[in-house]
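For reference, model-v8.txt is printed below; it contains compact mmCIF, C-alpha atoms.
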```
# COMPACT_ATOMS: atom_id res chain seq x y z
CA MET A 99 -41.43 -1.81 21.48
CA LEU A 100 -40.99 0.71 18.68
CA SER A 101 -39.36 3.34 20.86
CA LYS A 102 -37.14 0.73 22.52
CA THR A 103 -35.91 -0.56 19.16
CA MET A 104 -35.21 2.95 17.90
CA SER A 105 -33.35 3.84 21.09
CA VAL A 106 -31.07 0.82 20.63
CA VAL A 107 -30.53 1.75 16.98
CA ALA A 108 -29.73 5.35 17.94
CA MET A 109 -27.27 4.23 20.63
CA THR A 110 -25.58 1.81 18.23
CA ALA A 111 -25.24 4.59 15.65
CA VAL A 112 -23.03 6.45 18.12
CA ALA A 113 -20.21 4.00 17.29
CA PRO A 114 -19.85 4.78 13.56
CA ILE A 115 -20.33 8.46 14.32
CA LEU A 116 -17.34 8.31 16.66
CA TRP A 117 -15.36 6.22 14.16
CA GLY A 118 -15.98 8.99 11.63
CA THR A 119 -13.78 11.26 13.75
CA THR A 120 -10.81 8.87 13.56
CA TYR A 121 -9.31 10.23 10.34
CA LEU A 122 -9.18 13.82 11.61
CA THR A 123 -7.80 12.66 14.96
CA ALA A 124 -5.11 10.54 13.31
CA THR A 125 -3.99 13.22 10.87
CA THR A 126 -3.96 16.17 13.27
CA LEU A 127 -3.19 14.81 16.75
CA LEU A 128 -1.29 11.52 16.48
CA ILE A 129 2.25 10.52 15.53
CA VAL A 130 2.18 9.92 11.78
CA GLY A 131 3.70 6.92 10.07
CA HIS A 132 2.95 4.39 12.82
CA PRO A 133 -0.47 2.89 12.02
CA LEU A 134 0.02 -0.44 13.81
CA LEU A 135 1.24 1.33 16.94
CA THR A 136 -1.80 3.59 16.82
CA ALA A 137 -4.08 0.56 16.50
CA ALA A 138 -2.40 -1.24 19.40
CA VAL A 139 -2.50 1.85 21.64
CA ARG A 140 -6.10 2.27 20.65
CA ALA A 141 -7.24 -1.29 21.37
CA LEU A 142 -5.25 -2.72 24.27
CA PRO A 143 -5.72 0.03 26.90
CA ALA A 144 -9.41 0.29 25.95
CA GLY A 145 -9.83 -3.46 26.45
CA ILE A 146 -8.05 -3.39 29.82
CA LEU A 147 -10.26 -0.49 30.96
CA LEU A 148 -13.47 -2.31 29.99
CA LEU A 149 -12.13 -5.50 31.59
CA LEU A 150 -11.63 -3.64 34.87
CA ILE A 151 -15.21 -2.39 34.65
CA GLY A 152 -16.70 -5.76 33.69
CA ARG A 153 -14.48 -7.70 36.14
CA ARG A 154 -14.85 -11.04 34.41
CA LEU A 155 -12.13 -13.15 32.80
CA PRO A 156 -12.90 -15.64 30.03
CA ARG A 157 -13.61 -19.20 31.11
CA GLY A 158 -13.70 -22.50 29.27
CA SER A 159 -14.16 -22.16 25.52
CA TRP A 160 -14.22 -18.39 25.81
CA TRP A 161 -10.42 -18.30 25.98
CA TRP A 162 -10.15 -19.41 22.37
CA LYS A 163 -13.39 -17.70 21.28
CA SER A 164 -12.08 -14.36 22.59
CA ALA A 165 -8.84 -14.88 20.68
CA VAL A 166 -10.75 -15.66 17.46
CA LEU A 167 -13.13 -12.72 17.82
CA GLY A 168 -10.31 -10.37 18.81
CA ALA A 169 -8.33 -11.42 15.76
CA LEU A 170 -11.31 -10.99 13.42
CA ASN A 171 -12.88 -7.78 14.76
CA ILE A 172 -9.80 -5.96 16.05
CA GLY A 173 -6.34 -7.34 15.25
CA GLY A 174 -6.86 -8.66 11.74
CA PHE A 175 -9.35 -5.98 10.73
CA PHE A 176 -7.10 -3.09 11.79
CA ALA A 177 -4.02 -4.65 10.19
CA PHE A 178 -5.77 -5.27 6.85
CA LEU A 179 -7.30 -1.79 6.98
CA PHE A 180 -3.93 -0.09 7.38
CA ILE A 181 -2.33 -2.18 4.61
CA ALA A 182 -5.17 -1.24 2.27
CA ALA A 183 -5.02 2.45 3.19
CA ASP A 184 -1.27 2.47 2.57
CA ARG A 185 -1.41 0.80 -0.87
CA LEU A 186 -4.65 2.13 -2.39
CA PRO A 187 -5.66 5.57 -3.66
CA GLY A 188 -7.72 7.66 -1.26
CA GLY A 189 -11.19 6.31 -0.64
CA VAL A 190 -10.81 3.00 -2.48
CA ALA A 191 -10.29 1.04 0.75
CA ALA A 192 -13.46 2.60 2.16
CA VAL A 193 -15.45 1.58 -0.92
CA VAL A 194 -14.23 -2.01 -0.79
CA GLY A 195 -15.02 -2.04 2.93
CA GLY A 196 -18.52 -0.84 2.06
CA ILE A 197 -19.45 -4.39 1.04
CA GLN A 198 -19.27 -5.40 4.71
CA PRO A 199 -23.03 -4.91 5.41
CA LEU A 200 -23.89 -7.25 2.55
CA LEU A 201 -21.35 -9.80 3.77
CA VAL A 202 -22.82 -9.62 7.28
CA ALA A 203 -26.35 -10.05 5.91
CA VAL A 204 -25.36 -13.11 3.85
CA LEU A 205 -23.37 -14.73 6.68
CA ALA A 206 -26.13 -14.00 9.21
CA SER A 207 -28.66 -15.69 6.94
CA ARG A 208 -26.54 -18.86 7.02
CA VAL A 209 -25.22 -18.82 10.59
CA LEU A 210 -27.97 -17.02 12.52
CA ALA A 211 -30.97 -17.86 10.30
CA GLU A 212 -31.67 -14.16 9.74
CA LYS A 213 -33.82 -13.60 6.67
CA LEU A 214 -31.99 -12.23 3.63
CA THR A 215 -34.53 -10.10 1.75
CA GLY A 216 -34.42 -8.22 -1.51
CA ARG A 217 -34.70 -5.00 0.48
CA VAL A 218 -31.46 -5.80 2.34
CA VAL A 219 -29.59 -6.75 -0.85
CA ALA A 220 -30.75 -3.58 -2.61
CA ALA A 221 -29.84 -1.47 0.42
CA GLY A 222 -26.39 -3.07 0.52
CA ALA A 223 -25.76 -2.28 -3.14
CA ALA A 224 -26.97 1.30 -2.64
CA GLY A 225 -24.69 1.67 0.35
CA VAL A 226 -21.60 0.64 -1.61
CA ILE A 227 -22.48 3.06 -4.42
CA GLY A 228 -23.13 5.83 -1.90
CA VAL A 229 -19.77 5.38 -0.19
CA ALA A 230 -18.07 5.34 -3.60
CA LEU A 231 -19.69 8.63 -4.56
CA ILE A 232 -18.59 10.19 -1.25
CA VAL A 233 -14.94 9.17 -1.15
CA LEU A 234 -13.67 8.19 -4.59
CA ARG A 235 -11.41 10.52 -6.52
CA ALA A 236 -9.78 10.22 -9.94
CA SER A 237 -6.67 8.10 -9.54
CA GLY A 238 -4.34 5.67 -11.26
CA GLY A 239 -4.35 1.90 -11.26
CA LEU A 240 -5.21 -0.21 -8.24
CA ASP A 241 -2.74 -2.29 -6.27
CA ALA A 242 -3.75 -5.96 -6.09
CA ILE A 243 -2.35 -6.44 -2.58
CA GLY A 244 -4.19 -3.34 -1.38
CA VAL A 245 -7.51 -4.51 -2.84
CA ALA A 246 -6.99 -7.98 -1.35
CA ALA A 247 -6.25 -6.45 2.06
CA ALA A 248 -9.38 -4.29 1.90
CA LEU A 249 -11.50 -7.33 0.99
CA LEU A 250 -9.93 -9.43 3.74
CA GLY A 251 -10.59 -6.63 6.22
CA ALA A 252 -14.27 -6.54 5.27
CA VAL A 253 -14.55 -10.33 5.43
CA SER A 254 -12.69 -10.40 8.75
CA MET A 255 -15.00 -8.00 10.55
CA ALA A 256 -18.16 -9.34 8.90
CA THR A 257 -17.29 -12.82 10.12
CA GLY A 258 -16.38 -11.46 13.54
CA VAL A 259 -19.68 -9.61 13.94
CA VAL A 260 -21.74 -12.67 13.04
CA LEU A 261 -19.73 -14.98 15.30
CA THR A 262 -19.91 -12.47 18.14
CA LYS A 263 -23.71 -12.58 17.97
CA ALA A 264 -23.74 -16.36 17.63
CA TRP A 265 -21.42 -17.02 20.57
CA SER A 266 -22.13 -14.32 23.15
CA HIS A 267 -25.70 -14.96 24.34
CA ASP A 268 -24.61 -15.88 27.89
CA HIS A 269 -22.26 -12.94 28.49
CA PRO A 270 -22.82 -9.17 28.86
CA PRO A 271 -21.82 -7.21 25.73
CA LEU A 272 -19.41 -5.06 27.77
CA VAL A 273 -17.46 -8.14 28.90
CA VAL A 274 -17.39 -9.65 25.41
CA THR A 275 -16.16 -6.32 24.05
CA ALA A 276 -13.39 -6.14 26.66
CA TRP A 277 -12.14 -9.64 25.87
CA GLN A 278 -12.02 -8.92 22.15
CA LEU A 279 -10.17 -5.63 22.56
CA VAL A 280 -7.58 -7.19 24.86
CA ALA A 281 -7.02 -10.16 22.52
CA GLY A 282 -6.91 -7.96 19.43
CA GLY A 283 -4.67 -5.42 21.18
CA LEU A 284 -2.16 -8.12 22.08
CA ILE A 285 -2.10 -9.31 18.47
CA LEU A 286 -1.49 -5.77 17.26
CA ALA A 287 1.25 -5.23 19.87
CA ALA A 288 2.99 -8.34 18.57
CA LEU A 289 2.73 -7.02 15.00
CA VAL A 290 4.27 -3.72 16.11
CA ALA A 291 7.19 -5.55 17.75
CA VAL A 292 7.89 -7.49 14.55
CA PHE A 293 7.06 -5.09 11.72
CA GLU A 294 7.01 -1.48 12.90
CA PRO A 295 9.78 0.49 14.63
CA LEU A 296 8.82 2.74 17.52
CA PRO A 297 8.80 6.54 17.02
CA GLU A 298 12.17 8.24 17.42
CA GLN A 299 10.71 11.18 19.33
CA PRO A 300 8.63 10.95 22.53
CA PRO A 301 4.93 11.85 22.19
CA THR A 302 3.92 15.45 22.72
CA LEU A 303 1.00 16.58 24.88
CA THR A 304 -1.02 16.91 21.69
CA ASN A 305 -0.21 13.31 20.75
CA ILE A 306 -1.16 12.10 24.24
CA ALA A 307 -4.49 13.94 24.06
CA GLY A 308 -5.17 12.39 20.65
CA TYR A 309 -4.38 8.86 21.84
CA ALA A 310 -6.50 9.39 24.96
CA TYR A 311 -9.48 10.46 22.85
CA LEU A 312 -9.04 7.59 20.41
CA THR A 313 -8.67 5.04 23.22
CA LEU A 314 -11.42 6.20 25.57
CA ILE A 315 -14.02 7.61 23.18
CA GLY A 316 -13.24 6.25 19.73
CA THR A 317 -12.61 2.70 20.95
CA ALA A 318 -13.77 1.87 24.50
CA LEU A 319 -17.06 3.76 24.26
CA ALA A 320 -17.62 3.16 20.55
CA TYR A 321 -17.04 -0.60 20.65
CA ALA A 322 -19.05 -0.98 23.87
CA VAL A 323 -22.19 0.53 22.31
CA TRP A 324 -21.46 -1.21 18.98
CA PHE A 325 -21.38 -4.73 20.43
CA ARG A 326 -24.38 -3.91 22.64
CA GLY A 327 -26.23 -3.21 19.39
CA VAL A 328 -24.91 -6.42 17.83
CA ALA A 329 -26.31 -8.36 20.80
CA ALA A 330 -29.71 -6.62 20.74
CA LEU A 331 -30.38 -6.23 17.01
CA PRO A 332 -30.15 -8.46 13.93
CA ALA A 333 -26.50 -8.46 12.85
CA ARG A 334 -27.27 -6.65 9.59
CA VAL A 335 -28.57 -3.52 11.36
CA PRO A 336 -25.31 -2.49 13.12
CA ALA A 337 -23.42 -3.40 9.94
CA PHE A 338 -25.49 -0.99 7.86
CA LEU A 339 -25.19 1.70 10.53
CA GLY A 340 -21.44 1.44 9.96
CA LEU A 341 -21.97 3.14 6.58
CA LEU A 342 -22.53 6.39 8.48
CA SER A 343 -18.82 6.61 9.31
CA PRO A 344 -17.63 8.08 5.95
CA VAL A 345 -20.57 10.50 6.02
CA VAL A 346 -19.44 11.80 9.41
CA ALA A 347 -15.83 12.01 8.23
CA LEU A 348 -16.98 14.02 5.19
CA ALA A 349 -19.01 16.39 7.38
CA ILE A 350 -16.12 16.95 9.78
CA GLY A 351 -13.74 17.54 6.90
CA GLY A 352 -16.10 20.14 5.50
CA LEU A 353 -16.45 21.93 8.83
CA VAL A 354 -12.71 21.94 9.58
CA ALA A 355 -11.32 22.57 6.11
CA GLY A 356 -14.23 24.63 4.82
CA GLU A 357 -14.66 22.31 1.84
CA THR A 358 -17.86 22.49 -0.21
CA LEU A 359 -19.67 19.26 -1.05
CA THR A 360 -19.91 18.35 -4.71
CA LEU A 361 -23.18 17.22 -6.25
CA THR A 362 -21.72 13.72 -6.51
CA GLN A 363 -20.98 13.65 -2.78
CA VAL A 364 -24.46 14.94 -1.94
CA CYS A 365 -25.94 12.08 -3.99
CA GLY A 366 -23.64 9.65 -2.17
CA VAL A 367 -24.76 10.90 1.24
CA ALA A 368 -28.40 10.57 0.19
CA LEU A 369 -27.82 6.99 -0.99
CA VAL A 370 -26.09 6.03 2.27
CA PHE A 371 -28.91 7.48 4.36
CA ALA A 372 -31.50 5.74 2.18
CA SER A 373 -29.64 2.44 2.53
CA VAL A 374 -29.44 2.67 6.32
CA ALA A 375 -33.04 3.88 6.64
CA ALA A 376 -34.37 1.00 4.51
CA VAL A 377 -32.79 -1.63 6.75
CA VAL A 378 -33.66 0.11 10.03
CA GLU A 379 -37.25 0.76 8.94
CA GLY A 380 -37.65 -2.86 7.91
CA GLU A 381 -36.47 -4.01 11.33
CA VAL A 382 -38.77 -1.57 13.17
CA ARG A 383 -41.74 -2.85 11.17
CA ARG A 384 -40.93 -6.48 11.98
CA ARG A 385 -40.51 -5.99 15.74
CA PRO A 386 -44.19 -5.28 16.52
CA ARG A 387 -45.23 -8.25 14.37
CA ARG A 388 -43.01 -10.55 16.40
CA SER A 389 -44.61 -9.32 19.60
CA VAL A 390 -48.11 -9.95 18.11
CA VAL A 391 -47.19 -13.55 17.32
CA SER A 392 -45.63 -14.10 20.75
CA ALA A 393 -48.78 -12.72 22.43
CA VAL A 394 -51.17 -15.23 20.79
CA PRO A 395 -52.90 -17.30 23.50
CA ALA A 396 -52.18 -21.00 23.79
CA GLY A 397 -54.30 -23.19 21.53
CA ILE A 398 -54.22 -20.83 18.55
CA ASP A 399 -52.06 -21.68 15.55
CA ARG A 400 -49.16 -19.24 15.81
CA GLY A 401 -48.03 -20.10 12.29
CA ARG A 402 -51.28 -18.78 10.82
CA VAL A 403 -51.09 -15.58 12.77
CA GLY A 404 -47.43 -15.11 11.84
CA ASN A 405 -48.08 -15.76 8.15
CA ARG A 406 -51.04 -13.43 8.09
CA ASP A 407 -49.17 -10.58 9.74
CA VAL A 408 -45.89 -11.08 7.94
```
Kindly return the structure encoded in the file as structure tokens.
Amino acid sequence: MLSKTMSVVAMTAVAPILWGTTYLTATTLLIVGHPLLTAAVRALPAGILLLLIGRRLPRGSWWWKSAVLGALNIGGFFAFLFIAADRLPGGVAAVVGGIQPLLVAVLASRVLAEKLTGRVVAAGAAGVIGVALIVLRASGGLDAIGVAAALLGAVSMATGVVLTKAWSHDHPPLVVTAWQLVAGGLILAALVAVFEPLPEQPPTLTNIAGYAYLTLIGTALAYAVWFRGVAALPARVPAFLGLLSPVVALAIGGLVAGETLTLTQVCGVALVFASVAAVVEGEVRRRPRRSVVSAVPAGIDRGRVGNRDV
């Protein structure tokens, strides 16, 4: 049980690791100045690819559920993220988005009956501080619209993650992921048509390679393993793993640009790792206890065994 849980955690962590490469990909390989187009090209082809693999269209209530989840996890989240990144000083949007694990934990305690412990709350606070230490720089005043967009982005995806877990018990994670990416990609394509002009120059081979990487690896693969983790683990665990993304981005930036980490950033990385480890370790410790309770023979009070062990 322990090794199985850790293998799922490790696989789920692949998603934020891949997302950590997005900034370098966007700034070095893609057409600049077209964030909504990048998001649409990233989401819609990835969703169609996964849909061809899963070979299952939504039925019944899943038509509207897919639209809601796609809007929350993909369309709305990406749109709010780009607005925040455009209007806020570097790193501020990432810090505001760092509250997402806490939001997921609180929502999951209400919607999914997942226990909200002091350990999780403390880990969430440490995670936000850690991200702030990693990415924040001295800057001027904050833009209210940018802060609101960053908050809405965090709320959007936190709500989407919890609802995905609540609604998707009867469907494979790959299929649920495909539906969301297609729905979210269509929403983003509509936003591009209304708000963002297309590039004046055709994409270069470098641009095409960048979009291919972002679509196939950074989106199709990343979201497939991410929502598999959401289905298999308590919702708070994948959310906290998401804090690894700025750490990966920092490491890649250091390797590519030869930048040296400051003491503040080192402390931030340590806090993020401690935050993630606290939540993962708590989940690993609970899993064997659940299996002990479930293995109690009939006729024995399971409540006593559970209370004693827990």
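Proximity of A:Gly327, A:Gly340, A:Gly118, A:Gly131 to Leu296 in chain A, computed with only C-alpha atoms, is greatest for A:Gly131.
The smallest atom-to-atom distance between Ile129 in chain A and any of A:Pro297, A:Gly356, A:Gly366, A:Gly228, using all atoms listed in the file, is found for A:Pro297.
Closest approach to Val259 in chain A from the set A:Leu353, A:Leu167, A:Val106, A:Ile306 is made by A:Leu167, with distances taken over only C-alpha atoms.
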Of the listed residues A:Val204, A:Ala242, A:Ala320, A:Ala330, that which approaches Ser266 in chain A most closely, counting only C-alpha atoms: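 Checking each of A:Val204, A:Ala242, A:Ala320, A:Ala330 against Ser266 in chain A, counting only C-alpha atoms, the winner is A:Ala330.
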Residue nearest Ala182 in chain A - candidates A:Pro300, A:Gly380, A:Gly283, A:Gly251, atoms counted: only C-alpha atoms: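 With only C-alpha atoms as the atom set, the closest residue is A:Gly251.
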Between CA of Ala177 in chain A and CA of Asp241 in chain A - distance in Å to one decimal: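 Between these atoms lies a distance of 16.7 Å.
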Distance query Thr360 in chain A at most 10 Å, all atoms listed in the file, self and fewer than 4 positions along chain excluded, as a ChimeraX atom specification: /A:231-232,364-366
Residues within 12 Å of (-7.4, -15.3, 16.7), file coords, all atoms listed in the file, listed as a list of chain:residue names: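 Residues satisfying the cut-off, written out: A:Trp160, A:Trp161, A:Trp162, A:Lys163, A:Ser164, A:Ala165, A:Val166, A:Leu167, A:Gly168, A:Ala169, A:Leu170, A:Asn171, A:Ile172, A:Gly173, A:Gly174, A:Phe175, A:Ser254, A:Gly258, A:Trp277, A:Gln278, A:Leu279, A:Val280, A:Ala281, A:Gly282, A:Gly283, A:Leu284, A:Ile285, A:Leu286.
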CA of Ala310 in chain A to CA of Thr262 in chain A, straight-line distance in Å: 26.5 Å
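CA of Asn305 in chain A is positioned 4.8 Å from CA of Leu128 in chain A.
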